[in-house]
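Q: Quick one: structure below, then a few questions.
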Amino acid sequence: CAILITLFRLVLLLVPVNNENGIISIDSSTRTTSIIEDTLSSSSSSPNEENNNEYLLEMMDKKLLRQYQTLINPTELQFKFSLQPISSHLQHIFAVPLPGLTREIVEDNPYIRGSIYKLHSSYEENGFDERYFDMLTDFAKYNNDSRDTRTVIAEAAITCLEFFQVRDRDSGSVVMGMEDEEEEEGEEVVHIVRFEVVTEEKSRDNDDDDDGGGDERREIGNWKITDVDDLLEGNLFH
């Protein structure tokens, strides 16, 4: 986790990322201590950081992104990292079984967190009784404008060839990670990555319908990474 934490901070502020032949690499030894110190001291008002943060928020859930705020001090340590994805395997995919329930709605209305489990528990105990429908009505107050949305969650195993190394800037000794001779081959690592997307059902205009009649279509939003290697224990919201 410390490697990923450092990587994201360095990407935001300090070191250019190379992407050649499918291999993503970053090397902080290309930046001197004085450059890093100057960059860090001015980072609070850096438009570049704000733009990168906005980009990362489009790609990652903000709760996961907050985990990458801790920093291995780049003025004391040099960081070298490369990653080459070589395969991926979809392990699970499912739709959250309560229409209209999205992460955004739960964040705005924490009261409804765990709605699915509460409804299921109520049904298991007493069936479709008054309490069950009271809970369902209570939830409907919050998702009245989003009943056509569904949240889909997927989990994939992504296999990568990786190299990482952390050196002390003063002594040059490796304090974490791999030795130089291991860089060419790298190490095969499997990451478990959880993704999430909100889909929305919309009416298809007659003019756009080849059959001449209106029907429904489901629009898919942007997939976001919500957890990596169970760092947030799945980062569930429902």
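Naming works like this for the structure tokens: A, B, ... for the chains as they're shown, residue 1 at the start of each chain, ligands 1 onward in shown order.
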So that I can check the surroundings of range 113-122 of chain A, please list as a list in words every protein, DNA and RNA residue that reaches within 7 Å of it, counting only C-alpha atoms and ignoring chain neighbours fewer than 5 positions away.
A: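 Residues meeting the cut-off are Leu98, Val106, Gly127, Tyr132, Phe237 and His238 of chain A.
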Q: Let me see the file: selected residues, all heavy atoms, as an mmCIF file, in the first residue's frame.
A:
data_model
loop_
_atom_site.group_PDB
_atom_site.id
_atom_site.type_symbol
_atom_site.label_atom_id
_atom_site.label_comp_id
_atom_site.auth_asym_id
_atom_site.auth_seq_id
_atom_site.Cartn_x
_atom_site.Cartn_y
_atom_site.Cartn_z
ATOM 1 N N LEU A 98 -31.427 -2.989 -5.173
ATOM 2 C CA LEU A 98 -32.434 -1.983 -4.846
ATOM 3 C C LEU A 98 -32.357 -0.854 -5.874
ATOM 4 O O LEU A 98 -31.394 -0.075 -5.876
ATOM 5 C CB LEU A 98 -32.194 -1.435 -3.435
ATOM 6 C CG LEU A 98 -33.388 -0.836 -2.680
ATOM 7 C CD1 LEU A 98 -34.545 -1.822 -2.621
ATOM 8 C CD2 LEU A 98 -32.975 -0.434 -1.276
ATOM 9 N N VAL A 106 -26.519 7.653 -0.838
ATOM 10 C CA VAL A 106 -26.199 7.213 0.527
ATOM 11 C C VAL A 106 -25.297 8.229 1.221
ATOM 12 O O VAL A 106 -25.446 8.493 2.414
ATOM 13 C CB VAL A 106 -25.550 5.818 0.502
ATOM 14 C CG1 VAL A 106 -25.063 5.429 1.896
ATOM 15 C CG2 VAL A 106 -26.545 4.782 -0.006
ATOM 16 N N GLY A 127 -41.851 -11.261 7.015
ATOM 17 C CA GLY A 127 -42.442 -11.179 5.693
ATOM 18 C C GLY A 127 -42.745 -9.732 5.319
ATOM 19 O O GLY A 127 -42.155 -8.782 5.846
ATOM 20 N N TYR A 132 -41.925 -3.588 7.151
ATOM 21 C CA TYR A 132 -41.206 -3.705 5.889
ATOM 22 C C TYR A 132 -41.604 -2.584 4.932
ATOM 23 O O TYR A 132 -40.753 -1.917 4.353
ATOM 24 C CB TYR A 132 -41.486 -5.071 5.248
ATOM 25 C CG TYR A 132 -40.807 -5.273 3.919
ATOM 26 C CD1 TYR A 132 -39.549 -5.862 3.849
ATOM 27 C CD2 TYR A 132 -41.419 -4.877 2.732
ATOM 28 C CE1 TYR A 132 -38.915 -6.048 2.621
ATOM 29 C CE2 TYR A 132 -40.794 -5.062 1.509
ATOM 30 C CZ TYR A 132 -39.545 -5.641 1.457
ATOM 31 O OH TYR A 132 -38.912 -5.825 0.251
ATOM 32 N N PHE A 237 -21.229 0.511 -0.012
ATOM 33 C CA PHE A 237 -22.045 1.641 0.444
ATOM 34 C C PHE A 237 -23.477 1.221 0.748
ATOM 35 O O PHE A 237 -24.231 1.944 1.371
ATOM 36 C CB PHE A 237 -22.088 2.743 -0.623
ATOM 37 C CG PHE A 237 -22.867 2.370 -1.853
ATOM 38 C CD1 PHE A 237 -24.230 2.632 -1.930
ATOM 39 C CD2 PHE A 237 -22.251 1.755 -2.931
ATOM 40 C CE1 PHE A 237 -24.951 2.283 -3.066
ATOM 41 C CE2 PHE A 237 -22.971 1.401 -4.061
ATOM 42 C CZ PHE A 237 -24.316 1.669 -4.129
ATOM 43 N N HIS A 238 -23.879 0.046 0.288
ATOM 44 C CA HIS A 238 -25.266 -0.367 0.414
ATOM 45 C C HIS A 238 -25.462 -1.278 1.614
ATOM 46 O O HIS A 238 -26.566 -1.719 1.874
ATOM 47 C CB HIS A 238 -25.751 -1.065 -0.848
ATOM 48 C CG HIS A 238 -24.911 -2.247 -1.263
ATOM 49 N ND1 HIS A 238 -23.685 -2.098 -1.882
ATOM 50 C CD2 HIS A 238 -25.120 -3.573 -1.135
ATOM 51 C CE1 HIS A 238 -23.186 -3.302 -2.135
ATOM 52 N NE2 HIS A 238 -24.029 -4.204 -1.688
#
Q: Could you list, as a list of chain:residue names, every residue within 7 Å of range 183-196 of chain A, counting only C-alpha atoms and ignoring same-chain residues fewer than 2 positions away?
A: A:Val152, A:Ile153, A:Ala154, A:Glu155, A:Ala156, A:Ala157, A:Ile158, A:Thr159, A:Cys160, A:Leu161, A:Glu162, A:Phe163, A:Asp180, A:Glu181, A:Trp223, A:Lys224, A:Ile225, A:Thr226, A:Asp227, A:Val228, A:Asp229
Q: Name the residues of range 79-189 of chain A that come out as strand (DSSP E or B) in a backbone DSSP run; write them as a VMD selection string.
A: chain A and resid 79 to 95 149 to 168 174 to 177 187 to 189
Q: Residues of range 107-226 of chain A in alpha helix (DSSP H) according to DSSP, as an NGL selection string?
A: :A and (107-108 or 115-126 or 130-142)
Q: Please list as a list in words every residue within 7 Å of Glu201 in chain A, counting only C-alpha atoms and excluding residues in the same chain fewer than 6 positions away.
A: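 In the requested format, the answer is Asp148, Thr149, Glu216, Arg217, Arg218 and Glu219 of chain A.
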